[in-house]
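K.L.:
Structure supplied as upload.txt; contents: compact mmCIF, C-alpha atoms and all ligand atoms.
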# COMPACT_ATOMS: atom_id res chain seq x y z
CA MET A 1 27.57 86.93 -7.76
CA LEU A 2 24.90 87.43 -10.40
CA THR A 3 22.07 89.93 -10.09
CA ALA A 4 18.59 88.39 -9.90
CA THR A 5 17.80 89.89 -13.33
CA MET A 6 20.91 88.39 -14.91
CA ALA A 7 20.11 84.98 -13.43
CA THR A 8 16.55 85.18 -14.79
CA LYS A 9 17.81 86.16 -18.22
CA LEU A 10 20.29 83.27 -18.26
CA ASN A 11 17.55 80.86 -17.15
CA ASP A 12 15.39 82.15 -20.03
CA GLN A 13 18.31 81.53 -22.39
CA ILE A 14 18.67 77.97 -21.08
CA ASN A 15 15.05 77.43 -22.08
CA ARG A 16 15.76 78.82 -25.57
CA GLU A 17 18.77 76.50 -25.94
CA PHE A 18 16.68 73.48 -24.94
CA PHE A 19 13.98 74.61 -27.36
CA SER A 20 16.66 74.84 -30.08
CA ALA A 21 17.66 71.24 -29.31
CA TYR A 22 14.01 70.19 -29.52
CA LEU A 23 13.53 72.07 -32.81
CA TYR A 24 16.56 70.38 -34.38
CA LEU A 25 15.47 66.97 -33.12
CA ALA A 26 12.11 67.57 -34.84
CA LEU A 27 13.87 68.58 -38.06
CA SER A 28 16.14 65.52 -37.81
CA THR A 29 13.17 63.18 -37.59
CA GLU A 30 11.44 64.99 -40.47
CA ALA A 31 14.58 64.64 -42.60
CA GLU A 32 14.86 60.93 -41.81
CA GLU A 33 11.20 60.43 -42.68
CA SER A 34 12.04 62.00 -46.06
CA ASN A 35 15.00 59.58 -46.56
CA LEU A 36 17.52 62.42 -46.17
CA ARG A 37 19.89 60.50 -43.93
CA GLY A 38 22.78 62.98 -44.07
CA THR A 39 20.47 65.88 -43.28
CA ALA A 40 18.94 63.90 -40.43
CA SER A 41 22.43 63.27 -38.99
CA TRP A 42 23.30 66.96 -39.34
CA PHE A 43 20.21 68.07 -37.43
CA LEU A 44 20.83 65.39 -34.80
CA ALA A 45 24.38 66.73 -34.34
CA LYS A 46 22.86 70.23 -34.02
CA HIS A 47 20.53 68.84 -31.37
CA GLY A 48 23.60 67.63 -29.44
CA GLU A 49 25.30 71.02 -29.78
CA GLU A 50 22.24 72.86 -28.45
CA MET A 51 22.00 70.50 -25.47
CA ALA A 52 25.67 71.31 -24.77
CA HIS A 53 24.92 75.06 -25.00
CA ALA A 54 22.12 74.70 -22.46
CA MET A 55 24.34 72.66 -20.14
CA LYS A 56 27.15 75.21 -20.42
CA MET A 57 24.73 77.83 -19.09
CA VAL A 58 23.42 75.50 -16.37
CA ARG A 59 27.03 74.96 -15.25
CA TYR A 60 27.69 78.71 -15.23
CA LEU A 61 24.65 79.45 -13.06
CA LEU A 62 25.65 76.71 -10.61
CA ASP A 63 29.27 77.93 -10.52
CA GLN A 64 28.01 81.43 -9.77
CA GLY A 65 25.83 80.16 -6.91
CA ALA A 66 22.66 81.15 -8.78
CA SER A 67 19.48 79.11 -8.90
CA VAL A 68 18.66 77.06 -12.01
CA LYS A 69 14.97 77.23 -12.94
CA LEU A 70 13.91 74.82 -15.63
CA GLU A 71 10.68 75.82 -17.33
CA ALA A 72 8.45 73.96 -19.81
CA ILE A 73 9.87 73.67 -23.31
CA GLU A 74 7.59 74.79 -26.11
CA ALA A 75 6.67 72.21 -28.75
CA PRO A 76 8.46 72.61 -32.08
CA PRO A 77 6.38 73.96 -34.98
CA SER A 78 4.71 71.66 -37.50
CA LYS A 79 6.84 70.04 -40.20
CA ALA A 80 8.80 72.32 -42.50
CA GLY A 81 7.76 70.29 -45.56
CA ALA A 82 10.93 70.58 -47.66
CA ILE A 83 14.69 70.73 -47.13
CA LEU A 84 14.97 74.39 -48.13
CA ALA A 85 12.26 75.29 -45.61
CA MET A 86 14.12 73.28 -42.93
CA PHE A 87 17.25 75.38 -43.33
CA GLU A 88 15.33 78.65 -43.74
CA ARG A 89 13.64 77.85 -40.44
CA THR A 90 17.05 77.07 -38.92
CA LEU A 91 18.53 80.38 -40.07
CA GLU A 92 15.54 82.36 -38.82
CA HIS A 93 15.78 80.58 -35.47
CA GLU A 94 19.53 81.14 -35.12
CA ARG A 95 19.07 84.85 -35.89
CA MET A 96 16.58 85.02 -33.04
CA VAL A 97 19.08 83.25 -30.75
CA THR A 98 21.82 85.68 -31.81
CA ALA A 99 19.56 88.61 -30.90
CA SER A 100 18.88 87.09 -27.47
CA ILE A 101 22.62 86.49 -26.84
CA ASN A 102 23.32 90.10 -27.84
CA ASP A 103 20.64 91.24 -25.41
CA LEU A 104 22.34 89.22 -22.65
CA VAL A 105 25.70 90.84 -23.48
CA ASP A 106 24.07 94.30 -23.44
CA HIS A 107 22.68 93.56 -20.02
CA ALA A 108 26.00 92.23 -18.69
CA LEU A 109 27.78 95.37 -19.93
CA THR A 110 25.18 97.70 -18.42
CA ALA A 111 25.36 95.84 -15.11
CA LYS A 112 29.20 95.85 -15.25
CA ASP A 113 28.98 92.07 -14.86
CA HIS A 114 32.43 91.25 -16.26
CA ALA A 115 32.28 87.53 -15.53
CA THR A 116 29.03 87.04 -17.45
CA ASN A 117 30.24 89.28 -20.25
CA ILE A 118 33.36 87.13 -20.70
CA PHE A 119 31.32 83.91 -20.36
CA LEU A 120 29.01 85.08 -23.15
CA HIS A 121 31.83 85.77 -25.60
CA TRP A 122 31.95 82.07 -26.50
CA PHE A 123 28.26 82.22 -27.46
CA VAL A 124 28.73 85.38 -29.53
CA THR A 125 31.44 83.64 -31.57
CA GLU A 126 29.41 80.45 -31.81
CA GLN A 127 26.44 82.35 -33.26
CA ILE A 128 28.61 83.90 -35.98
CA GLU A 129 29.76 80.42 -37.01
CA GLU A 130 26.28 78.89 -36.82
CA GLU A 131 24.65 81.56 -38.98
CA ALA A 132 27.50 81.38 -41.52
CA THR A 133 27.22 77.58 -41.76
CA VAL A 134 23.47 77.64 -42.34
CA ASN A 135 23.79 80.48 -44.86
CA ASP A 136 26.35 78.39 -46.72
CA ILE A 137 24.06 75.33 -46.77
CA LEU A 138 21.15 77.46 -48.03
CA GLY A 139 23.39 78.93 -50.73
CA ARG A 140 24.45 75.46 -51.90
CA LEU A 141 20.85 74.20 -51.92
CA ARG A 142 19.82 77.17 -54.07
CA LEU A 143 22.83 76.76 -56.37
CA PHE A 144 22.87 72.98 -56.85
CA GLY A 145 19.17 72.33 -56.31
CA ASP A 146 17.04 70.80 -53.61
CA LYS A 147 16.10 67.80 -55.74
CA GLY A 148 17.78 64.93 -57.60
CA GLU A 149 21.56 64.69 -57.79
CA GLY A 150 22.17 68.14 -56.32
CA LEU A 151 20.20 67.17 -53.23
CA LEU A 152 21.95 63.79 -52.97
CA MET A 153 25.34 65.51 -53.06
CA ILE A 154 24.37 68.03 -50.37
CA ASP A 155 22.78 65.33 -48.23
CA ASN A 156 26.06 63.38 -48.39
CA GLU A 157 28.02 66.52 -47.47
CA LEU A 158 25.74 67.12 -44.50
CA GLY A 159 26.26 63.54 -43.35
CA ALA A 160 30.05 64.02 -43.44
CA ALA A 161 29.76 67.37 -41.62
CA ALA A 162 27.59 65.72 -38.96
CA LYS A 163 30.37 63.21 -38.18
CA VAL A 164 32.87 66.06 -37.68
CA MET A 165 30.39 67.95 -35.46
CA ALA A 166 29.69 64.85 -33.36
CA GLN A 167 33.43 64.16 -32.92
CA ALA A 168 34.11 67.78 -31.87
CA LEU A 169 31.23 67.62 -29.40
CA ALA A 170 32.49 64.34 -27.93
CA GLN A 171 36.01 65.79 -27.54
CA ALA A 172 34.66 68.96 -25.88
CA SER A 173 32.53 66.87 -23.55
CA ALA A 174 35.51 64.62 -22.63
CA ALA A 175 37.67 67.68 -21.96
CA ALA A 176 34.97 69.24 -19.76
CA THR A 177 34.68 66.13 -17.62
CA ALA A 178 38.42 65.28 -17.49
FE1 LIG B 201 22.70 77.56 -29.05
FE2 LIG B 201 22.32 77.51 -32.09
O1 LIG B 201 22.30 78.46 -30.55
Render the structure in this file as structure tokens.
Ligand code: FEO

P.N.:
Amino acid sequence: MLTATMATKLNDQINREFFSAYLYLALSTEAEESNLRGTASWFLAKHGEEMAHAMKMVRYLLDQGASVKLEAIEAPPSKAGAILAMFERTLEHERMVTASINDLVDHALTAKDHATNIFLHWFVTEQIEEEATVNDILGRLRLFGDKGEGLLMIDNELGAAAKVMAQALAQASAAATA
């Protein structure tokens, strides 16, 4: 049984996860409009991951007998304008999400809510991986360039990574519904 405060905080996090999905969908469309097909696929795969994060939390609230409250999702910001700015925006956003997950864990520990604490461990680990991945992409963009052949190479890499992400997501989804 969740406390009312914990349920509210998890509902707020669901909203942030849906916003993340919306943000990455916006970045995917911006990338496609700039003919960066691999980057567009990568952000679309991120969109799918964020939808799955939100649904994981929806499932947890329902399993705990708590009420799910879906609020309005904020519009994504205006276009980033360049690939480097897209990934800088992504890293900044993921750092904010990490801080909010940490806040949830702090609250679960203070409330001695062991179930929620354990549930949140998956998200803590996920945030480490997400920040590391985006840091790596930013590093490669700065090293090999965000124009010309360097950009083409990274765009191709992102397209290949998107396929792996989409496959992993499909497998996780199949396992969850099996
Ligand atoms: Fe669901 Fe990227 O945080």

K.L.:
Find the spatial neighbours of Val58 of chain A, counting only C-alpha atoms, within a cut-off of 9 Å - ignore same-chain residues fewer than 5 positions away - and output them as a list in words.

P.N.:
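Counting only the stated atoms, we get Leu10, Asn11, Ile14, His53, Asp63 and Val68 of chain A.
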
K.L.:
Hey, which of A:Arg16, A:Ser28, A:Gln167, A:Ile154 ends up closest to Asp136 of chain A? Count all atoms listed in the file.

P.N.:
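The answer is A:Ile154, which sits nearest to Asp136 of chain A.
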
K.L.:
Smallest atom-to-atom distance to ligand LIG 201 (chain B): which of A:Thr125, A:Thr177, A:Ser34, A:Gln64, using all atoms listed in the file?

P.N.:
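Of all the options, A:Thr125 lies closest to ligand LIG 201 (chain B).
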
K.L.:
Could you check which of A:Met55, A:Ala40, A:Met6, A:Leu152 is closest to ligand LIG 201 (chain B), using all atoms listed in the file?

P.N.:
A:Met55

K.L.:
Between atom CA of Val97 of chain A and atom FE1 of ligand LIG 201 (chain B), what is the distance in Å, rounded to a tenth?

P.N.:
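So the answer is 7.0 Å.
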
K.L.:
From the list A:Arg142, A:Arg59, A:His107, A:His47, which residue is nearest ligand LIG 201 (chain B) when using only C-alpha atoms and all ligand atoms?

P.N.:
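Under the stated criterion, the closest residue is A:His47.
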
K.L.:
With a distance cut-off of 12 Å and all atoms listed in the file, select the neighbouring residues of Ala168 of chain A, excluding the residue or stretch itself and same-chain residues fewer than 3 positions from it, and output the selection as an NGL selection string.

P.N.:
:A and (45-46 or 48-49 or 52 or 161-165 or 171-175)

K.L.:
Report as an NGL selection string which protein, DNA and RNA residues come within 8 Å of ligand LIG 201 (chain B), using all atoms listed in the file.

P.N.:
:A and (16-17 or 20 or 46 or 49-51 or 53-54 or 93-94 or 97-98 or 123 or 126-127 or 130)

K.L.:
Please, what distance in Å, to one decimal, runs between atom CA of Leu109 of chain A and atom CA of Asn15 of chain A?

P.N.:
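Between atom CA of Leu109 of chain A and atom CA of Asn15 of chain A the gap is 22.1 Å.
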
K.L.:
So how far away is atom CA of Met1 of chain A from atom CA of Tyr60 of chain A, in Å?

P.N.:
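Straight-line distance from atom CA of Tyr60 of chain A to atom CA of Met1 of chain A works out to 11.1 Å.
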
K.L.:
For Ser78 of chain A, which residue out of A:Val124, A:Leu27, A:Leu61, A:Leu151 is the nearest one, using only C-alpha atoms?

P.N.:
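Smallest separation from Ser78 of chain A among the options: A:Leu27.
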
K.L.:
Using the structure block above, produce a file of segment 5-127 of chain A that contains C-alpha atoms, as a PDB file, in the first residue's frame.

P.N.:
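And here is the file that came out, selection.pdb:
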ATOM      1  CA  THR A   5       2.404  11.317  -1.198  1.00  0.00           C
ATOM      2  CA  MET A   6       4.269   8.447  -2.846  1.00  0.00           C
ATOM      3  CA  ALA A   7       1.391   7.866  -5.266  1.00  0.00           C
ATOM      4  CA  THR A   8       1.358  11.577  -6.167  1.00  0.00           C
ATOM      5  CA  LYS A   9       5.103  11.582  -6.715  1.00  0.00           C
ATOM      6  CA  LEU A  10       4.889   8.509  -8.957  1.00  0.00           C
ATOM      7  CA  ASN A  11       2.029  10.099 -10.917  1.00  0.00           C
ATOM      8  CA  ASP A  12       4.210  13.213 -11.378  1.00  0.00           C
ATOM      9  CA  GLN A  13       7.010  10.959 -12.633  1.00  0.00           C
ATOM     10  CA  ILE A  14       4.636   9.308 -15.122  1.00  0.00           C
ATOM     11  CA  ASN A  15       3.983  12.782 -16.511  1.00  0.00           C
ATOM     12  CA  ARG A  16       7.743  13.424 -16.800  1.00  0.00           C
ATOM     13  CA  GLU A  17       8.228  10.104 -18.629  1.00  0.00           C
ATOM     14  CA  PHE A  18       5.450  10.948 -21.094  1.00  0.00           C
ATOM     15  CA  PHE A  19       6.985  14.396 -21.551  1.00  0.00           C
ATOM     16  CA  SER A  20      10.335  12.691 -22.251  1.00  0.00           C
ATOM     17  CA  ALA A  21       8.638  10.587 -24.938  1.00  0.00           C
ATOM     18  CA  TYR A  22       7.104  13.738 -26.424  1.00  0.00           C
ATOM     19  CA  LEU A  23      10.457  15.561 -26.343  1.00  0.00           C
ATOM     20  CA  TYR A  24      12.205  12.713 -28.163  1.00  0.00           C
ATOM     21  CA  LEU A  25       9.420  12.458 -30.723  1.00  0.00           C
ATOM     22  CA  ALA A  26       9.913  16.182 -31.409  1.00  0.00           C
ATOM     23  CA  LEU A  27      13.673  15.682 -31.778  1.00  0.00           C
ATOM     24  CA  SER A  28      13.072  12.681 -34.063  1.00  0.00           C
ATOM     25  CA  THR A  29      10.912  14.736 -36.401  1.00  0.00           C
ATOM     26  CA  GLU A  30      13.447  17.584 -36.342  1.00  0.00           C
ATOM     27  CA  ALA A  31      16.241  15.146 -37.237  1.00  0.00           C
ATOM     28  CA  GLU A  32      14.219  13.670 -40.091  1.00  0.00           C
ATOM     29  CA  GLU A  33      13.456  17.149 -41.405  1.00  0.00           C
ATOM     30  CA  SER A  34      17.242  17.695 -41.461  1.00  0.00           C
ATOM     31  CA  ASN A  35      17.766  14.430 -43.443  1.00  0.00           C
ATOM     32  CA  LEU A  36      19.445  12.769 -40.441  1.00  0.00           C
ATOM     33  CA  ARG A  37      17.645   9.458 -40.807  1.00  0.00           C
ATOM     34  CA  GLY A  38      19.753   7.494 -38.320  1.00  0.00           C
ATOM     35  CA  THR A  39      19.402  10.211 -35.699  1.00  0.00           C
ATOM     36  CA  ALA A  40      15.654  10.343 -36.334  1.00  0.00           C
ATOM     37  CA  SER A  41      15.431   6.555 -35.781  1.00  0.00           C
ATOM     38  CA  TRP A  42      17.485   6.853 -32.589  1.00  0.00           C
ATOM     39  CA  PHE A  43      15.195   9.502 -31.122  1.00  0.00           C
ATOM     40  CA  LEU A  44      12.140   7.509 -32.197  1.00  0.00           C
ATOM     41  CA  ALA A  45      13.538   4.468 -30.352  1.00  0.00           C
ATOM     42  CA  LYS A  46      14.088   6.738 -27.322  1.00  0.00           C
ATOM     43  CA  HIS A  47      10.464   7.821 -27.625  1.00  0.00           C
ATOM     44  CA  GLY A  48       9.451   4.145 -27.413  1.00  0.00           C
ATOM     45  CA  GLU A  49      11.666   3.586 -24.371  1.00  0.00           C
ATOM     46  CA  GLU A  50      10.163   6.560 -22.540  1.00  0.00           C
ATOM     47  CA  MET A  51       6.632   5.360 -23.277  1.00  0.00           C
ATOM     48  CA  ALA A  52       7.660   2.002 -21.781  1.00  0.00           C
ATOM     49  CA  HIS A  53       9.053   3.770 -18.677  1.00  0.00           C
ATOM     50  CA  ALA A  54       5.757   5.597 -18.190  1.00  0.00           C
ATOM     51  CA  MET A  55       3.779   2.375 -18.637  1.00  0.00           C
ATOM     52  CA  LYS A  56       6.016   0.541 -16.158  1.00  0.00           C
ATOM     53  CA  MET A  57       5.045   3.144 -13.558  1.00  0.00           C
ATOM     54  CA  VAL A  58       1.366   3.002 -14.530  1.00  0.00           C
ATOM     55  CA  ARG A  59       1.496  -0.780 -14.026  1.00  0.00           C
ATOM     56  CA  TYR A  60       3.177  -0.379 -10.635  1.00  0.00           C
ATOM     57  CA  LEU A  61       0.539   2.062  -9.381  1.00  0.00           C
ATOM     58  CA  LEU A  62      -2.252  -0.249 -10.536  1.00  0.00           C
ATOM     59  CA  ASP A  63      -0.565  -3.295  -8.965  1.00  0.00           C
ATOM     60  CA  GLN A  64      -0.286  -1.370  -5.701  1.00  0.00           C
ATOM     61  CA  GLY A  65      -3.985  -0.453  -5.780  1.00  0.00           C
ATOM     62  CA  ALA A  66      -3.141   3.246  -6.172  1.00  0.00           C
ATOM     63  CA  SER A  67      -4.972   5.661  -8.430  1.00  0.00           C
ATOM     64  CA  VAL A  68      -3.416   6.688 -11.763  1.00  0.00           C
ATOM     65  CA  LYS A  69      -3.880  10.391 -12.506  1.00  0.00           C
ATOM     66  CA  LEU A  70      -2.914  11.432 -16.003  1.00  0.00           C
ATOM     67  CA  GLU A  71      -2.232  15.140 -16.316  1.00  0.00           C
ATOM     68  CA  ALA A  72      -1.645  17.352 -19.372  1.00  0.00           C
ATOM     69  CA  ILE A  73       1.713  16.880 -21.051  1.00  0.00           C
ATOM     70  CA  GLU A  74       3.720  20.036 -21.634  1.00  0.00           C
ATOM     71  CA  ALA A  75       4.621  20.880 -25.230  1.00  0.00           C
ATOM     72  CA  PRO A  76       8.238  20.208 -26.175  1.00  0.00           C
ATOM     73  CA  PRO A  77      10.492  23.262 -26.585  1.00  0.00           C
ATOM     74  CA  SER A  78      11.139  24.846 -29.975  1.00  0.00           C
ATOM     75  CA  LYS A  79      13.549  23.150 -32.370  1.00  0.00           C
ATOM     76  CA  ALA A  80      17.097  22.562 -31.165  1.00  0.00           C
ATOM     77  CA  GLY A  81      18.528  23.779 -34.488  1.00  0.00           C
ATOM     78  CA  ALA A  82      21.555  21.479 -34.795  1.00  0.00           C
ATOM     79  CA  ILE A  83      22.498  17.888 -33.939  1.00  0.00           C
ATOM     80  CA  LEU A  84      24.883  18.894 -31.144  1.00  0.00           C
ATOM     81  CA  ALA A  85      22.127  20.976 -29.541  1.00  0.00           C
ATOM     82  CA  MET A  86      19.727  18.005 -29.845  1.00  0.00           C
ATOM     83  CA  PHE A  87      22.004  15.791 -27.782  1.00  0.00           C
ATOM     84  CA  GLU A  88      22.948  18.562 -25.339  1.00  0.00           C
ATOM     85  CA  ARG A  89      19.234  19.041 -24.740  1.00  0.00           C
ATOM     86  CA  THR A  90      18.849  15.273 -24.293  1.00  0.00           C
ATOM     87  CA  LEU A  91      21.644  15.100 -21.718  1.00  0.00           C
ATOM     88  CA  GLU A  92      20.294  18.074 -19.790  1.00  0.00           C
ATOM     89  CA  HIS A  93      16.844  16.488 -19.788  1.00  0.00           C
ATOM     90  CA  GLU A  94      18.101  13.082 -18.660  1.00  0.00           C
ATOM     91  CA  ARG A  95      20.042  14.713 -15.809  1.00  0.00           C
ATOM     92  CA  MET A  96      16.802  16.311 -14.671  1.00  0.00           C
ATOM     93  CA  VAL A  97      15.052  12.920 -14.857  1.00  0.00           C
ATOM     94  CA  THR A  98      17.880  11.319 -12.860  1.00  0.00           C
ATOM     95  CA  ALA A  99      17.444  13.962 -10.149  1.00  0.00           C
ATOM     96  CA  SER A 100      13.698  13.278 -10.004  1.00  0.00           C
ATOM     97  CA  ILE A 101      14.261   9.494  -9.763  1.00  0.00           C
ATOM     98  CA  ASN A 102      16.771  10.085  -6.955  1.00  0.00           C
ATOM     99  CA  ASP A 103      14.195  12.231  -5.185  1.00  0.00           C
ATOM    100  CA  LEU A 104      11.673   9.383  -5.472  1.00  0.00           C
ATOM    101  CA  VAL A 105      14.203   6.937  -4.003  1.00  0.00           C
ATOM    102  CA  ASP A 106      14.942   9.376  -1.151  1.00  0.00           C
ATOM    103  CA  HIS A 107      11.254   9.551  -0.413  1.00  0.00           C
ATOM    104  CA  ALA A 108      10.791   5.770  -0.546  1.00  0.00           C
ATOM    105  CA  LEU A 109      13.704   5.303   1.876  1.00  0.00           C
ATOM    106  CA  THR A 110      12.405   7.943   4.281  1.00  0.00           C
ATOM    107  CA  ALA A 111       8.933   6.397   4.189  1.00  0.00           C
ATOM    108  CA  LYS A 112      10.430   2.884   4.621  1.00  0.00           C
ATOM    109  CA  ASP A 113       8.535   1.957   1.450  1.00  0.00           C
ATOM    110  CA  HIS A 114      10.637  -1.083   0.528  1.00  0.00           C
ATOM    111  CA  ALA A 115       8.503  -2.150  -2.433  1.00  0.00           C
ATOM    112  CA  THR A 116       8.787   1.229  -4.160  1.00  0.00           C
ATOM    113  CA  ASN A 117      12.470   1.461  -3.313  1.00  0.00           C
ATOM    114  CA  ILE A 118      13.125  -1.892  -5.017  1.00  0.00           C
ATOM    115  CA  PHE A 119      10.849  -0.969  -7.953  1.00  0.00           C
ATOM    116  CA  LEU A 120      12.858   2.222  -8.496  1.00  0.00           C
ATOM    117  CA  HIS A 121      16.214   0.440  -8.649  1.00  0.00           C
ATOM    118  CA  TRP A 122      15.575  -0.436 -12.303  1.00  0.00           C
ATOM    119  CA  PHE A 123      15.126   3.266 -13.085  1.00  0.00           C
ATOM    120  CA  VAL A 124      18.289   4.243 -11.190  1.00  0.00           C
ATOM    121  CA  THR A 125      20.302   1.794 -13.315  1.00  0.00           C
ATOM    122  CA  GLU A 126      18.539   2.873 -16.492  1.00  0.00           C
ATOM    123  CA  GLN A 127      19.453   6.519 -15.863  1.00  0.00           C
TER     124      GLN A 127
END
